[in-house]
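Listing of run_26.txt; format and content: compact mmCIF, C-alpha atoms.
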```txt
# COMPACT_ATOMS: atom_id res chain seq x y z
CA MET U 12 44.24 -47.43 -47.76
CA ALA U 13 41.71 -48.86 -45.33
CA LEU U 14 42.86 -46.37 -42.74
CA SER U 15 42.36 -43.49 -45.16
CA LEU U 16 38.85 -44.69 -46.01
CA GLN U 17 38.04 -44.98 -42.30
CA SER U 18 39.34 -41.50 -41.62
CA THR U 19 37.31 -40.09 -44.49
CA ALA U 20 34.22 -41.87 -43.25
CA SER U 21 34.70 -40.52 -39.72
CA MET U 22 35.01 -36.96 -41.04
CA GLN U 23 31.96 -37.17 -43.26
CA PRO U 24 29.28 -36.53 -40.56
CA GLN U 25 31.09 -33.37 -39.42
CA VAL U 26 31.18 -32.06 -43.00
CA ILE U 27 27.49 -32.84 -43.41
CA ASP U 28 26.68 -31.01 -40.15
CA HIS U 29 28.39 -27.86 -41.38
CA VAL U 30 26.71 -28.11 -44.75
CA ARG U 31 23.34 -28.37 -43.06
CA LEU U 32 23.82 -25.06 -41.16
CA ARG U 33 21.21 -22.52 -42.15
CA THR U 34 22.44 -19.22 -43.45
CA ASP U 35 20.84 -17.38 -40.50
CA ARG U 36 22.53 -19.68 -37.96
CA VAL U 37 26.16 -20.01 -36.90
CA ASP U 38 28.12 -22.41 -34.77
CA ALA U 39 27.39 -21.58 -31.13
CA ARG U 40 30.78 -22.73 -29.86
CA GLN U 41 32.70 -19.63 -30.90
CA VAL U 42 30.05 -17.42 -29.27
CA ALA U 43 30.21 -19.37 -26.01
CA ASP U 44 34.02 -19.22 -26.01
CA HIS U 45 33.94 -15.43 -26.52
CA VAL U 46 31.52 -14.89 -23.66
CA GLN U 47 33.60 -17.14 -21.42
CA ARG U 48 36.68 -15.01 -22.18
CA LEU U 49 34.72 -11.89 -21.19
CA LEU U 50 33.70 -13.51 -17.91
CA VAL U 51 37.33 -14.46 -17.20
CA GLN U 52 38.40 -10.84 -17.65
CA ARG U 53 35.44 -9.58 -15.60
CA PRO U 54 34.78 -12.34 -13.02
CA SER U 55 32.47 -10.17 -10.88
CA LEU U 56 30.17 -9.39 -13.79
CA PRO U 57 26.93 -11.42 -13.97
CA VAL U 58 25.92 -13.11 -17.21
CA ALA U 59 22.71 -11.04 -17.24
CA ALA U 60 24.77 -7.82 -17.51
CA ILE U 61 26.51 -9.09 -20.65
CA ALA U 62 23.18 -10.23 -22.08
CA ARG U 63 21.54 -6.84 -21.47
CA ARG U 64 24.49 -5.00 -22.99
CA ALA U 65 24.15 -7.09 -26.17
CA GLY U 66 20.36 -6.86 -26.22
CA VAL U 67 19.95 -10.59 -25.58
CA ALA U 68 17.57 -12.32 -23.19
CA PRO U 69 19.61 -13.42 -20.13
CA SER U 70 17.99 -16.87 -20.26
CA THR U 71 19.22 -17.33 -23.86
CA LEU U 72 22.81 -16.58 -22.96
CA THR U 73 22.65 -18.68 -19.78
CA SER U 74 21.31 -21.65 -21.78
CA LEU U 75 24.11 -21.25 -24.35
CA LEU U 76 26.82 -21.31 -21.69
CA SER U 77 25.18 -24.20 -19.84
CA ASP U 78 25.02 -26.37 -22.98
CA ALA U 79 28.63 -25.56 -23.87
CA ARG U 80 29.75 -26.62 -20.38
CA ARG U 81 27.64 -29.77 -20.05
CA ARG U 82 27.83 -31.04 -23.65
CA PRO U 83 31.03 -29.59 -25.18
CA ASN U 84 31.12 -32.08 -28.08
CA THR U 85 27.49 -31.67 -29.13
CA PRO U 86 27.10 -29.32 -32.10
CA ARG U 87 24.70 -26.43 -31.58
CA THR U 88 23.68 -23.53 -33.75
CA PHE U 89 22.92 -19.98 -32.70
CA SER U 90 21.19 -16.98 -34.26
CA ALA U 91 23.65 -15.17 -36.50
CA GLU U 92 22.26 -11.76 -35.56
CA ILE U 93 22.55 -12.36 -31.80
CA ALA U 94 25.96 -13.96 -32.26
CA ALA U 95 27.22 -10.87 -34.08
CA ARG U 96 26.14 -8.61 -31.22
CA LEU U 97 27.82 -10.81 -28.63
CA LEU U 98 31.03 -11.21 -30.64
CA ASP U 99 31.27 -7.42 -31.01
CA LEU U 100 31.38 -6.96 -27.22
CA LYS U 101 34.70 -5.92 -25.71
CA PRO U 102 35.60 -5.73 -22.02
CA ASP U 103 35.53 -1.92 -22.15
CA ASP U 104 31.94 -2.02 -23.39
CA LEU U 105 30.67 -3.74 -20.25
CA PRO U 106 29.37 -2.05 -17.08
CA HIS U 107 32.00 -1.20 -14.52
CA ARG U 108 31.53 -0.21 -10.91
CA ASP U 109 34.01 2.65 -11.15
CA ARG U 110 32.44 4.12 -14.27
CA GLY U 111 28.74 4.02 -13.44
CA TYR U 112 26.87 3.03 -16.59
CA GLY U 113 30.02 1.54 -18.12
CA GLY U 114 31.35 1.28 -21.63
CA ARG U 115 32.29 4.36 -23.60
CA SER U 116 30.75 6.77 -21.14
CA ILE U 117 30.65 10.50 -20.55
CA ASP U 118 29.42 12.74 -17.77
CA ALA U 119 25.60 12.61 -17.63
CA THR U 120 25.01 16.17 -16.35
CA SER U 121 24.31 17.87 -19.68
CA ALA U 122 21.98 15.11 -20.87
CA MET U 123 20.06 15.07 -17.59
CA ARG U 124 19.65 18.85 -17.58
CA HIS U 125 18.29 18.61 -21.11
CA VAL U 126 15.80 15.97 -19.96
CA ARG U 127 14.71 18.19 -17.08
CA ARG U 128 14.11 21.09 -19.47
CA LEU U 129 12.01 18.88 -21.72
CA LEU U 130 9.91 17.60 -18.81
CA ALA U 131 9.31 21.13 -17.55
CA ALA U 132 8.36 22.50 -20.98
CA HIS U 133 6.11 19.59 -22.04
CA ALA U 134 3.65 18.50 -19.37
CA HIS U 135 2.45 15.50 -21.36
CA LEU U 136 5.91 13.93 -21.43
CA SER U 137 7.06 11.40 -18.86
CA GLN U 138 10.51 10.09 -17.99
CA ALA U 139 9.55 6.68 -19.32
CA ALA U 140 8.46 8.14 -22.66
CA LEU U 141 11.75 10.02 -23.08
CA ALA U 142 13.72 6.90 -22.11
CA ARG U 143 11.93 4.83 -24.70
CA ALA U 144 12.45 7.51 -27.33
CA ALA U 145 16.19 7.49 -26.59
CA ASP U 146 16.31 3.68 -26.50
CA ILE U 147 17.52 3.40 -22.91
CA SER U 148 16.04 1.77 -19.85
CA PRO U 149 13.58 3.95 -17.88
CA THR U 150 15.25 2.85 -14.65
CA THR U 151 18.64 3.92 -16.00
CA LEU U 152 17.30 7.37 -16.84
CA ALA U 153 15.55 7.68 -13.48
CA ALA U 154 18.75 6.73 -11.60
CA ALA U 155 20.86 9.16 -13.62
CA LEU U 156 18.38 12.00 -13.04
CA HIS U 157 18.34 11.24 -9.32
CA ASP U 158 22.13 11.31 -9.02
CA VAL U 159 22.54 14.50 -11.06
CA ASP U 160 19.77 16.27 -9.13
CA ALA U 161 21.51 15.28 -5.89
CA GLY U 162 24.85 16.63 -7.13
CA ARG U 163 26.50 13.21 -7.29
CA PRO U 164 28.85 12.27 -10.17
CA ARG U 165 27.16 10.12 -12.78
CA ARG U 166 28.31 8.77 -16.12
CA ILE U 167 26.15 7.46 -18.91
CA GLN U 168 26.88 5.68 -22.16
CA GLU U 169 28.01 8.22 -24.74
CA ALA U 170 25.61 6.99 -27.41
CA ALA U 171 22.67 7.15 -24.97
CA ALA U 172 23.60 10.69 -23.94
CA GLN U 173 23.73 11.77 -27.59
CA ARG U 174 20.30 10.26 -28.23
CA LEU U 175 18.88 12.10 -25.23
CA LEU U 176 20.44 15.42 -26.31
CA ALA U 177 18.99 14.94 -29.80
CA LEU U 178 15.43 14.80 -28.45
CA GLY U 179 13.62 18.00 -29.39
CA ASN U 180 16.43 18.95 -31.79
CA ARG U 181 17.30 16.42 -34.47
CA THR U 182 14.84 13.86 -33.09
CA PRO U 183 11.16 14.77 -32.65
CA LEU U 184 9.69 14.44 -29.18
CA PRO U 185 7.31 11.57 -28.54
CA GLY U 186 3.71 12.69 -28.85
CA GLY U 187 1.04 12.22 -26.21
CA ALA U 188 -0.14 8.65 -26.30
CA ALA U 189 -3.76 8.11 -27.24
CA ARG U 190 -5.93 6.83 -24.44
CA ARG U 191 -6.28 3.07 -24.43
CA SER U 192 -9.68 1.62 -25.22
CA ASP U 193 -9.93 -0.06 -21.81
CA THR U 194 -9.54 3.22 -19.85
CA VAL U 195 -11.85 6.09 -18.89
CA ASP U 196 -11.32 9.61 -17.62
CA ALA U 197 -9.98 9.40 -14.06
CA GLN U 198 -11.41 12.71 -12.84
CA ALA U 199 -14.61 11.09 -11.51
CA VAL U 200 -12.52 8.56 -9.58
CA VAL U 201 -10.28 11.30 -8.17
CA ASP U 202 -13.31 13.30 -7.01
CA HIS U 203 -14.91 10.21 -5.45
CA VAL U 204 -11.76 9.25 -3.53
CA ARG U 205 -11.39 12.82 -2.24
CA ALA U 206 -15.07 12.84 -1.20
CA LEU U 207 -14.63 9.58 0.75
CA GLN U 208 -11.57 11.00 2.48
CA MET U 209 -13.58 14.10 3.44
CA ARG U 210 -16.37 11.95 4.89
CA TYR U 211 -14.19 9.41 6.70
CA GLU U 212 -11.21 9.50 8.98
CA ARG U 213 -8.45 6.90 8.57
CA ALA U 214 -9.42 6.59 4.90
CA SER U 215 -6.08 6.49 3.12
CA THR U 216 -5.82 5.86 -0.60
CA THR U 217 -4.36 2.44 0.17
CA PHE U 218 -7.30 1.56 2.45
CA ILE U 219 -9.82 2.71 -0.16
CA ALA U 220 -8.05 0.64 -2.83
CA LEU U 221 -8.01 -2.50 -0.67
CA THR U 222 -11.67 -2.03 0.20
CA ALA U 223 -12.47 -1.82 -3.52
CA HIS U 224 -10.27 -4.90 -4.20
CA VAL U 225 -7.90 -2.82 -6.30
CA ASN U 226 -4.10 -2.79 -6.29
CA PRO U 227 -3.15 0.24 -4.10
CA SER U 228 -0.26 1.23 -6.40
CA THR U 229 -2.63 1.22 -9.38
CA LEU U 230 -5.03 3.65 -7.73
CA THR U 231 -2.21 5.84 -6.38
CA SER U 232 -0.59 6.05 -9.82
CA ALA U 233 -3.92 6.95 -11.42
CA LEU U 234 -4.44 9.82 -8.97
CA ILE U 235 -0.93 11.15 -9.62
CA ASP U 236 -1.23 10.75 -13.40
CA GLN U 237 -4.51 12.67 -13.41
CA ASP U 238 -2.62 15.74 -12.21
CA ARG U 239 0.29 15.27 -14.60
CA ASN U 240 -1.28 13.70 -17.69
CA PRO U 241 -5.10 13.52 -17.66
CA GLN U 242 -5.05 11.91 -21.11
CA ARG U 243 -3.78 8.64 -19.64
CA GLY U 244 -7.01 7.83 -17.78
CA ILE U 245 -7.70 4.87 -15.51
CA ASN U 246 -8.62 1.26 -16.15
CA THR U 247 -12.37 0.85 -16.63
CA ASP U 248 -12.69 -2.02 -14.13
CA VAL U 249 -10.65 -0.17 -11.50
CA ALA U 250 -12.83 2.92 -11.94
CA ARG U 251 -16.01 0.86 -11.64
CA ARG U 252 -14.89 -0.78 -8.39
CA VAL U 253 -13.80 2.46 -6.74
CA LEU U 254 -16.93 4.38 -7.80
CA ALA U 255 -19.09 1.57 -6.38
CA LEU U 256 -17.86 2.39 -2.85
CA ARG U 257 -20.49 4.27 -0.89
CA TYR U 258 -19.46 3.40 2.65
CA LEU U 259 -16.13 2.42 4.17
CA PRO U 260 -15.76 -0.27 6.85
CA PRO U 261 -13.70 0.08 10.03
CA PRO U 262 -11.06 1.10 10.86
CA ALA U 263 -12.31 4.04 8.78
CA PHE U 264 -15.13 5.91 10.49
CA PRO U 265 -17.29 8.95 9.67
CA ARG U 266 -15.78 12.27 10.59
CA ARG U 267 -17.40 13.76 13.69
CA SER U 268 -16.43 17.30 14.46
CA HIS U 269 -18.29 17.29 17.77
CA VAL U 270 -16.39 14.39 19.36
CA THR U 271 -14.51 15.52 22.47
CA ASP U 272 -11.87 13.92 24.63
CA ILE U 273 -14.30 13.60 27.53
CA GLY U 274 -16.71 11.84 25.21
CA LEU U 275 -13.97 9.44 24.13
CA LEU U 276 -13.10 8.74 27.77
CA ARG U 277 -16.77 8.06 28.56
CA ARG U 278 -16.98 5.64 25.64
CA LEU U 279 -13.84 3.81 26.76
CA ARG U 280 -15.09 3.46 30.34
CA ALA U 281 -18.55 2.46 29.17
CA LEU U 282 -17.11 -0.38 27.11
CA CYS U 283 -15.20 -1.58 30.19
CA ALA U 284 -18.43 -1.39 32.21
CA ALA U 285 -20.09 -3.59 29.58
CA GLY U 286 -17.46 -6.28 30.13
CA TRP U 287 -14.82 -5.49 27.50
CA THR U 288 -11.14 -5.52 28.40
CA LEU U 289 -8.72 -2.91 27.12
CA SER U 290 -7.11 -5.60 24.99
CA ALA U 291 -10.43 -6.45 23.31
CA ILE U 292 -11.23 -2.76 22.80
CA ALA U 293 -7.78 -2.14 21.30
CA GLN U 294 -8.17 -5.11 18.96
CA ALA U 295 -11.59 -3.91 17.77
CA GLY U 296 -10.14 -0.45 17.15
CA ALA U 297 -6.95 -1.68 15.45
CA THR U 298 -4.65 -0.10 18.03
CA THR U 299 -2.75 -1.15 21.18
CA SER U 300 -3.74 -1.40 24.83
CA LYS U 301 -0.79 0.84 25.68
CA SER U 302 -2.16 3.71 23.59
CA LEU U 303 -5.57 3.42 25.28
CA THR U 304 -3.97 3.34 28.73
CA GLU U 305 -1.93 6.43 27.89
CA PHE U 306 -5.07 8.23 26.73
CA ALA U 307 -6.92 7.29 29.95
CA LYS U 308 -4.06 8.85 31.93
CA THR U 309 -3.53 12.01 29.92
CA ARG U 310 -7.13 12.42 28.64
CA THR U 311 -5.65 13.87 25.47
CA SER U 312 -6.41 11.92 22.30
CA THR U 313 -4.44 11.45 19.13
CA PRO U 314 -6.07 10.80 15.73
CA THR U 315 -5.19 7.11 16.08
CA VAL U 316 -6.73 6.79 19.54
CA ARG U 317 -9.74 8.81 18.46
CA GLY U 318 -10.36 6.50 15.52
CA ALA U 319 -9.72 3.36 17.59
CA ILE U 320 -12.20 4.25 20.33
CA LEU U 321 -14.92 5.33 17.89
CA THR U 322 -14.45 2.16 15.85
CA ALA U 323 -14.57 -0.06 18.94
CA TRP U 324 -17.63 1.83 20.19
CA THR U 325 -19.44 1.13 16.91
CA HIS U 326 -18.64 -2.59 17.14
CA LEU U 327 -18.93 -3.34 20.85
CA SER U 328 -21.29 -0.88 22.53
CA HIS U 329 -24.44 -2.85 21.70
CA GLN U 330 -23.30 -6.22 23.06
CA PRO U 331 -22.07 -7.42 26.47
CA GLY U 332 -18.42 -8.27 26.86
CA PRO U 333 -17.12 -11.60 28.18
CA SER U 334 -14.95 -10.24 31.02
CA LEU U 335 -16.55 -10.29 34.46
CA GLN U 336 -13.37 -8.79 35.90
CA ALA U 337 -13.60 -5.77 33.60
CA ARG U 338 -17.25 -5.29 34.56
CA GLN U 339 -16.50 -5.54 38.30
CA ARG U 340 -13.57 -3.13 38.06
CA ALA U 341 -15.70 -0.62 36.18
CA SER U 342 -18.47 -1.00 38.76
CA SER U 343 -16.04 -0.32 41.60
CA LYS U 344 -15.09 2.92 39.88
CA SER U 345 -18.72 3.86 39.14
CA TRP U 346 -18.17 3.90 35.38
CA ASP U 347 -21.40 4.12 33.43
CA PRO U 348 -22.34 1.50 30.82
CA PRO U 349 -23.06 2.30 27.14
CA LEU U 350 -26.84 2.41 27.59
CA ALA U 351 -26.44 5.21 30.12
CA TRP U 352 -25.32 7.59 27.37
CA ASP U 353 -27.09 9.18 24.42
CA GLU U 354 -25.00 9.46 21.27
CA HIS U 355 -26.00 13.07 20.65
CA SER U 356 -24.96 14.24 24.12
CA ILE U 357 -22.16 11.94 25.31
CA ASP U 358 -19.52 14.43 24.17
CA HIS U 359 -20.99 17.38 26.05
CA PRO U 360 -19.06 17.94 29.33
CA ASP U 361 -22.22 18.89 31.29
CA THR U 362 -24.24 15.85 30.26
CA THR U 363 -25.20 13.37 33.00
CA PRO U 364 -25.71 9.69 32.25
CA ASN U 365 -29.23 8.30 32.15
CA GLY U 366 -30.29 6.30 35.21
CA THR U 367 -27.04 6.76 37.12
CA ARG U 368 -27.43 6.42 40.87
CA ILE U 369 -25.28 9.05 42.55
CA PRO U 370 -24.43 8.42 46.22
CA GLY U 371 -26.15 10.91 48.51
CA PHE U 372 -28.60 12.05 45.84
CA GLN U 373 -32.24 10.96 45.85
CA GLN U 374 -32.66 9.65 42.29
CA ARG U 375 -36.20 9.77 41.00
CA TRP U 376 -37.41 7.22 38.48
CA ASP U 377 -40.19 7.07 35.99
CA PRO U 378 -41.39 4.04 33.96
CA PRO U 379 -39.40 4.88 30.78
CA LEU U 380 -36.20 5.20 32.80
CA LEU U 381 -36.91 1.90 34.52
CA GLN U 382 -37.36 0.25 31.13
CA HIS U 383 -34.03 1.75 30.08
CA GLU U 384 -32.35 0.15 33.10
CA LEU U 385 -34.03 -3.21 32.50
CA ALA U 386 -32.89 -3.15 28.87
CA PHE U 387 -29.29 -2.71 29.99
CA PHE U 388 -29.42 -5.71 32.32
CA THR U 389 -31.00 -7.73 29.53
CA HIS U 390 -28.12 -6.79 27.23
CA LEU U 391 -25.77 -8.15 29.87
CA GLY U 392 -27.38 -11.54 29.38
CA LEU U 393 -29.77 -11.60 32.33
CA THR U 394 -33.26 -12.97 31.90
CA THR U 395 -36.20 -10.61 32.39
CA PRO U 396 -36.99 -11.81 35.97
CA SER U 397 -33.29 -11.59 36.93
CA ALA U 398 -33.00 -8.13 35.37
CA SER U 399 -36.09 -6.97 37.26
CA ALA U 400 -34.66 -8.31 40.50
CA ALA U 401 -31.33 -6.62 39.88
CA SER U 402 -33.01 -3.32 39.18
CA ALA U 403 -35.35 -3.63 42.16
CA SER U 404 -32.40 -4.30 44.45
CA THR U 405 -30.79 -1.00 43.61
CA PRO U 406 -31.13 1.94 45.99
CA ASN U 407 -34.14 4.17 45.39
CA ALA U 408 -35.51 1.87 42.70
CA PRO U 409 -39.23 2.44 42.15
CA THR U 410 -41.98 -0.05 42.58
CA SER U 411 -44.34 -0.87 39.75
CA SER U 412 -46.79 1.69 41.16
CA SER U 413 -44.21 4.48 41.29
CA THR U 414 -45.36 7.67 39.64
CA HIS U 415 -42.30 9.84 40.33
CA HIS U 416 -40.93 11.82 37.43
CA GLN U 417 -37.29 12.30 36.63
CA PRO U 418 -36.16 15.86 37.35
CA THR U 419 -35.35 18.06 34.42
CA THR U 420 -31.97 18.92 35.92
CA SER U 421 -29.47 16.82 37.81
CA PRO U 422 -26.41 17.71 39.85
CA PRO U 423 -23.18 17.68 37.85
CA HIS U 424 -21.81 14.19 37.32
CA HIS U 425 -18.09 13.69 37.72
CA ASP U 426 -16.39 10.95 35.68
CA ALA U 427 -14.49 8.58 37.95
CA ALA U 428 -10.75 8.59 37.62
```
Structure re-expressed in structure tokens:
Amino acid sequence: MALSLQSTASMQPQVIDHVRLRTDRVDARQVADHVQRLLVQRPSLPVAAIARRAGVAPSTLTSLLSDARRRPNTPRTFSAEIAARLLDLKPDDLPHRDRGYGGRSIDATSAMRHVRRLLAAHAHLSQAALARAADISPTTLAAALHDVDAGRPRRIQEAAAQRLLALGNRTPLPGGAARRSDTVDAQAVVDHVRALQMRYERASTTFIALTAHVNPSTLTSALIDQDRNPQRGINTDVARRVLALRYLPPPAFPRRSHVTDIGLLRRLRALCAAGWTLSAIAQAGATTSKSLTEFAKTRTSTPTVRGAILTAWTHLSHQPGPSLQARQRASSKSWDPPLAWDEHSIDHPDTTPNGTRIPGFQQRWDPPLLQHELAFFTHLGLTTPSASAASASTPNAPTSSSTHHQPTTSPPHHDAA
């Protein structure tokens, strides 16, 4: 009798636990056991795949299985609705490598051709909108369209295919979404980006976005959407940041139609004459020393080299470089420094550098030209007395009382190799 009372007492908590179960909750153990049986039959299948197939958050199912494994004797309840979806799953309903989408599937060709017809006939529709209307994942639809367009075999869940085929027939098409309150018309942004790209070289959409502190994919998507669906617009803050750009920093640089290869070579040599190494010039121009060396040999520029040299010229031409070796090498080759060239004429092949002393030619000087020479030595870091001495020590340099005038024409100057 005592034993019977003890047995009854030990069973009482379990009865109470079951009585306390809410009507919208069920015992989680049977659900966990069912999922475990599915995993045994499909060992290569991840838990997340089962969760997605049942419309359950993967973390929810993972937590259920973890609790059942770690605390098998601890009662736990589970949502009755979610449990019903999981308990309805059969091995044939799950994704399978040999059957593409998996489950009760059919060939996706007819459904994908129907989707293509809808997209061609209704410009405001997007793949994502059709996927949502058919209650399938946008990535699933995109992958199926890609495979069918490429002529590869593709299967899709039969119910999903039927929902796609019903769009525009039994099921109305999704309408154009109203523009969100935090967006504006993107046309002004599109026009501004195109205008910047017309004014600047090396001004890609990504570079413009980064300069405006905007996600590049956001700006790129807005430009594409403006062509396909202008109603979508662009985020107000993104538009404000892009429209605020008036100038672009290097490595972008203003387009110059008059820049020639000989002008680029003169700029490169002038920077060396000012004390800049090829490595420093390449770094300032966001390129490599090898590309600059190749250009110096072939004297034929590419867009990258063109942009690199012009960018480095903008940064470095008004300050002396730190390399004495580069300056001495340039001097031995008679390369002219930056101050010897005028920006408006450096690209003209017949232009001669200002103040260049050509061996065998009697160079005449006037006071403005002497000041030009003194300014260059000052830029190299020499003091005024040292600069005057350096200039006075040069051949044919004038004295302070010199009244010679520079000739209006000079013999052709040949750039050193």
Write out as JSON lines the residues of region 176-222 of chain U that have any atom within 8 Å of an atom of region 137-146 of chain U, one row each with the nearest atom pair and its distance in Å to one decimal, counting all atoms listed in the file, sorted by chain and then rising number.
```
{"residue": "U:Leu178", "atom": "CA", "partner": "U:Ala145", "partner_atom": "CA", "distance": 7.6}
{"residue": "U:Leu184", "atom": "CA", "partner": "U:Ala144", "partner_atom": "CA", "distance": 7.7}
{"residue": "U:Pro185", "atom": "CA", "partner": "U:Ala144", "partner_atom": "CA", "distance": 6.7}
```
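Taking CA of Ala60 (chain U) and CA of Ala153 (chain U) as the two end points, the separation is 18.5 Å.
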Quiz item: Which residues, written as a ChimeraX atom specification, have at least one atom at most 9 Å from Gly318 (chain U), with all atoms listed in the file counted and residues fewer than 2 positions away on the same chain left out?
Solution: /U:212-213,262-264,296-297,313-316,320-323
Quiz item: U:Ile219, U:Glu354, U:His224, U:Arg63: which is nearest Ser148 (chain U), counting only C-alpha atoms?
Solution: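 Looking at the shortest contact to Ser148 (chain U), the residue is U:Arg63.
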Exercise. Measure the distance from CA of Ile117 (chain U) to CA of Arg64 (chain U) in Å and round it to one decimal.
Key: 16.9 Å
Quiz prompt | Neighbour list for region 325-338 of chain U as a list of chain:residue names, cut-off 8 Å, only C-alpha atoms, skip fewer than 4 positions in-chain | solution =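 Here the qualifying residues turn out to be U:Ala281, U:Leu282, U:Cys283, U:Ala284, U:Ala285, U:Gly286, U:Trp287, U:Thr288, U:Ile292, U:Ala295, U:Leu321, U:Ser342, U:Pro349, U:His390, U:Leu391, U:Gly392.
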Quiz item: Looking at only C-alpha atoms, which of U:Arg252, U:Arg266, U:Arg174, U:Arg317 is the one that sits closest to Arg210 (chain U)?
Solution: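 Among U:Arg252, U:Arg266, U:Arg174, U:Arg317, it is U:Arg266 that comes nearest to Arg210 (chain U).
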Quiz item: When distances are computed from all atoms listed in the file, which of U:Pro57, U:Ala214, U:Arg48, U:Val42 shows the smallest separation from Ile93 (chain U)?
Solution: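 The closest residue to Ile93 (chain U) is U:Val42.
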Self-check item: Among the residues U:Leu49, U:Leu72, U:Ala155, U:Val67, the one that comes closest to Asp103 (chain U) [using only C-alpha atoms]
Solution: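 Comparing U:Leu49, U:Leu72, U:Ala155, U:Val67 against Asp103 (chain U), the winner is U:Leu49.
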Quiz prompt | Nearest candidate to Val225 (chain U) (options U:Arg205, U:Asn246, U:Leu98, U:Tyr211; using only C-alpha atoms) | solution = U:Asn246
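Within 12 Å of the point (-12.8, -1.0, -14.8) in file coordinates, and counting all atoms listed in the file, lie the residues Ser192, Asp193, Thr194, Val195, Asp196, Ala197, Val200, Ala223, His224, Val225, Thr229, Leu230, Gly244, Ile245, Asn246, Thr247, Asp248, Val249, Ala250, Arg251, Arg252, Val253, Leu254 and Ala255 of chain U.
The nearest approach to Arg163 (chain U) among the residues U:Ile357, U:Leu56, U:Trp352, U:Ala119, with only C-alpha atoms taken into account, belongs to U:Ala119.
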Centre and size of axis-aligned box enclosing region 304-316 of chain U plus 6 Å each side, as lines of an AutoDock Vina configuration file:
```
center_x = -4.5
center_y = 8.6
center_z = 23.8
size_x = 17.2
size_y = 22.5
size_z = 28.2
```
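With CA of Ala62 (chain U) on one side and CA of Val159 (chain U) on the other, the separation reads 27.1 Å.
Taking only C-alpha atoms, the non-local environment of Pro360 (chain U) within 9 Å (same-chain residues fewer than 6 positions away omitted) comprises Thr271, Ile273 and Gly274 of chain U.
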Quiz item: Got a sec: who's within 12 Å of Glu305 (chain U), counting all atoms listed in the file, leaving out chain neighbours fewer than 6 positions off, as an NGL selection string?
Solution: :U and (276 or 289 or 299 or 311-313 or 316)
Write a file of the selected residues as a PDB file, in the frame of the given file, keeping C-alpha atoms.
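Just written: out32.pdb:
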```
ATOM      1  CA  LEU U 276     -13.100   8.740  27.770  1.00  0.00           C
ATOM      2  CA  LEU U 289      -8.720  -2.910  27.120  1.00  0.00           C
ATOM      3  CA  THR U 299      -2.750  -1.150  21.180  1.00  0.00           C
ATOM      4  CA  THR U 311      -5.650  13.870  25.470  1.00  0.00           C
ATOM      5  CA  SER U 312      -6.410  11.920  22.300  1.00  0.00           C
ATOM      6  CA  THR U 313      -4.440  11.450  19.130  1.00  0.00           C
ATOM      7  CA  VAL U 316      -6.730   6.790  19.540  1.00  0.00           C
TER       8      VAL U 316
END
```
Quiz prompt | Sphere at (-17.0, 6.9, 30.3), radius 7 Å, counting all atoms listed in the file: residues as number ranges by chain | solution = U: 276-281, 346-347, 426
